[in-house]
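Visitor: Structure provided below as structure tokens; questions to follow.
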Amino acid sequence: GENVEQHPSTLSVQEGDSAVIKCTYSDSASNYFPWYKQELGKRPQLIIDIRSNVGEKKDQRIAVTLNKTAKHFSLHITETQPEDSAVYFCAARGRSNDYKLSFGAGTTVTVRA
Amino acid sequence: ETGVTQTPRHLVMGMTNKKSLKCEQHLGHNAMYWYKQSAKKPLELMFVYNFKEQTENNSVPSRFSPECPNSSHLFLHLHTLQPEDSALYLCASTLIVGGGSNEQFFGPGTRLTVL
């Protein structure tokens, strides 16, 4: 099955700086890559996603890039704010399993004021 | 609220107890999931129901028993659990549409503690 690895496990940034989280996946047939944000004590929520026919997608201060050849994708958060502090999970969906996601272990992001 | 609710939100049980977790979605979705979330580990997929049919059982111990009476409700029956089963149990749902994003919407979770 799909194996997703996520790095780093923790990330501390100064407010206003950028944060980058990287994930790799094993199944070259994977075609959908969402990112979820989970604030302390709350449920995971989708913040951005990308499909395999696109190399980059941006939504205000967050962006995701996908390199299919290298089988890795990254989340970029610019101009970080305290409310960006949370655990971020990457995930991948294999084409043959339209309803299953394989998740990374998560990155705990702390934005220092 | 995302339309996925879970009860109870917190549960403390002894190893000999029997309890059930409930999940309900009001989004018209056709697939529902149970995940186990433990500290510092990836979300672990436990069970998947697609149109009320169980399509996935990731080698979950038999002390966890899922039930999906209809496409809106999902239960997880618990019996003779172990302390290592203590975790946050998350329910999720999605609308399976071929080629679509199939975003999963999560419930708030049940924090389970097994004594």
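Just so we're on the same page: first chain in the structure tokens is A, next is B, and so on; residues restart at 1 for each chain, and ligands are numbered from 1 in the order they show up.
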Excluding same-chain residues fewer than 5 positions from Lys58 in chain A, what lies within 10 Å of it counting only C-alpha atoms, as a PyMOL selection string?
Guide: chain A and resi 48-50+63-65+75-77
Visitor: Taking only C-alpha atoms into account and nothing else, which residues of chain A lie no more than 7 Å away from chain B? Please answer as a PyMOL selection string.
Guide: chain A and resi 32+42-44+99+103-106
Visitor: Only N, CA, C and O atoms, please: the residues just picked out, written as a PDB file, in the first residue's frame.
Guide:
```pdb
ATOM      1  N   TYR A  32      -3.875  12.293  -5.837  1.00  0.00           N
ATOM      2  CA  TYR A  32      -4.523  13.371  -5.085  1.00  0.00           C
ATOM      3  C   TYR A  32      -3.805  13.530  -3.768  1.00  0.00           C
ATOM      4  O   TYR A  32      -3.556  12.546  -3.061  1.00  0.00           O
ATOM      5  N   LYS A  42      -8.912  20.116  18.296  1.00  0.00           N
ATOM      6  CA  LYS A  42      -9.937  20.214  17.253  1.00  0.00           C
ATOM      7  C   LYS A  42      -9.756  19.132  16.195  1.00  0.00           C
ATOM      8  O   LYS A  42      -8.790  18.387  16.213  1.00  0.00           O
ATOM      9  N   ARG A  43     -10.686  19.061  15.291  1.00  0.00           N
ATOM     10  CA  ARG A  43     -10.638  18.045  14.242  1.00  0.00           C
ATOM     11  C   ARG A  43      -9.724  18.465  13.109  1.00  0.00           C
ATOM     12  O   ARG A  43      -9.528  19.660  12.868  1.00  0.00           O
ATOM     13  N   PRO A  44      -9.171  17.521  12.367  1.00  0.00           N
ATOM     14  CA  PRO A  44      -8.408  17.874  11.163  1.00  0.00           C
ATOM     15  C   PRO A  44      -9.338  18.512  10.130  1.00  0.00           C
ATOM     16  O   PRO A  44     -10.473  18.068   9.940  1.00  0.00           O
ATOM     17  N   TYR A  99     -11.165   6.119  -2.368  1.00  0.00           N
ATOM     18  CA  TYR A  99     -11.767   6.538  -1.124  1.00  0.00           C
ATOM     19  C   TYR A  99     -10.833   6.390   0.067  1.00  0.00           C
ATOM     20  O   TYR A  99     -11.243   6.604   1.190  1.00  0.00           O
ATOM     21  N   PHE A 103      -1.924   8.844   5.401  1.00  0.00           N
ATOM     22  CA  PHE A 103      -1.481  10.088   6.031  1.00  0.00           C
ATOM     23  C   PHE A 103      -0.025  10.011   6.471  1.00  0.00           C
ATOM     24  O   PHE A 103       0.483   8.940   6.839  1.00  0.00           O
ATOM     25  N   GLY A 104       0.618  11.170   6.466  1.00  0.00           N
ATOM     26  CA  GLY A 104       1.915  11.308   7.106  1.00  0.00           C
ATOM     27  C   GLY A 104       1.736  11.415   8.610  1.00  0.00           C
ATOM     28  O   GLY A 104       0.615  11.515   9.110  1.00  0.00           O
ATOM     29  N   ALA A 105       2.852  11.403   9.326  1.00  0.00           N
ATOM     30  CA  ALA A 105       2.818  11.398  10.792  1.00  0.00           C
ATOM     31  C   ALA A 105       2.516  12.759  11.398  1.00  0.00           C
ATOM     32  O   ALA A 105       2.268  12.860  12.600  1.00  0.00           O
ATOM     33  N   GLY A 106       2.545  13.809  10.587  1.00  0.00           N
ATOM     34  CA  GLY A 106       2.207  15.121  11.093  1.00  0.00           C
ATOM     35  C   GLY A 106       3.419  15.980  11.424  1.00  0.00           C
ATOM     36  O   GLY A 106       4.483  15.460  11.778  1.00  0.00           O
TER      37      GLY A 106
END
```
Visitor: Can you pull out every residue within 6 Å of range 83-96 of chain A, counting only C-alpha atoms, but drop anything in the same chain fewer than 4 positions away, and send it as a ChimeraX atom specification?
Guide: /A:29-39,101-104,106-111
Visitor: Within 7 Å of Ser20 in chain B, counting only C-alpha atoms, which residues show up once you throw out same-chain ones fewer than 2 positions away? Write them as a PyMOL selection string, please.
Guide: chain B and resi 22+75-78
Visitor: Write down as a ChimeraX atom specification the residues belonging to chain B that are assigned strand (DSSP E or B) by DSSP computed on the backbone.
Guide: /B:4-7,10-13,18-25,31-37,44-50,53-57,64-70,73-79,87-94,105-106,110-114
Visitor: Could you work out how far CA of Ser62 in chain B lies from CA of Pro83 in chain B, giving the answer in Å with one decimal?
Guide: 15.4 Å
Visitor: Within 8 Å of Asp17 in chain A, counting only C-alpha atoms, which residues qualify if same-chain residues fewer than 2 places away don't, as a PyMOL selection string?
Guide: chain A and resi 13-15+19+78-80
Visitor: Output the selection as a PDB file, in the first residue's frame - C-alpha atoms for each residue.
Guide:
```
ATOM      1  CA  VAL A  13       9.302  29.711  13.112  1.00  0.00           C
ATOM      2  CA  GLN A  14       9.317  33.382  13.915  1.00  0.00           C
ATOM      3  CA  GLU A  15       6.115  35.214  13.117  1.00  0.00           C
ATOM      4  CA  ALA A  19       7.350  27.463   6.951  1.00  0.00           C
ATOM      5  CA  THR A  78       4.319  32.458   4.000  1.00  0.00           C
ATOM      6  CA  GLU A  79       4.083  35.376   6.427  1.00  0.00           C
ATOM      7  CA  THR A  80       3.269  33.025   9.276  1.00  0.00           C
TER       8      THR A  80
END
```
Visitor: Check the smallest atom-to-atom distance from each of A:Arg112, A:Asp59, A:Ser12, A:Val4 to Phe73 in chain A using only C-alpha atoms, then report the winner.
Guide: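 Result for the nearest residue to Phe73 in chain A: A:Val4.
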Visitor: One decimal, in Å: what's the spacing between CA of Gln54 in chain B and CA of Thr110 in chain B?
Guide: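 So the two atoms, CA of Gln54 in chain B and CA of Thr110 in chain B, lie 21.2 Å apart.
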Visitor: Excluding range 10-16 of chain B and any residue of its chain fewer than 2 positions from it, enumerate the residues within 12 Å of it, using only C-alpha atoms, and give them as a PyMOL selection string.
Guide: (chain A and resi 41) or (chain B and resi 6-8+18-22+63+78-90+108-115)
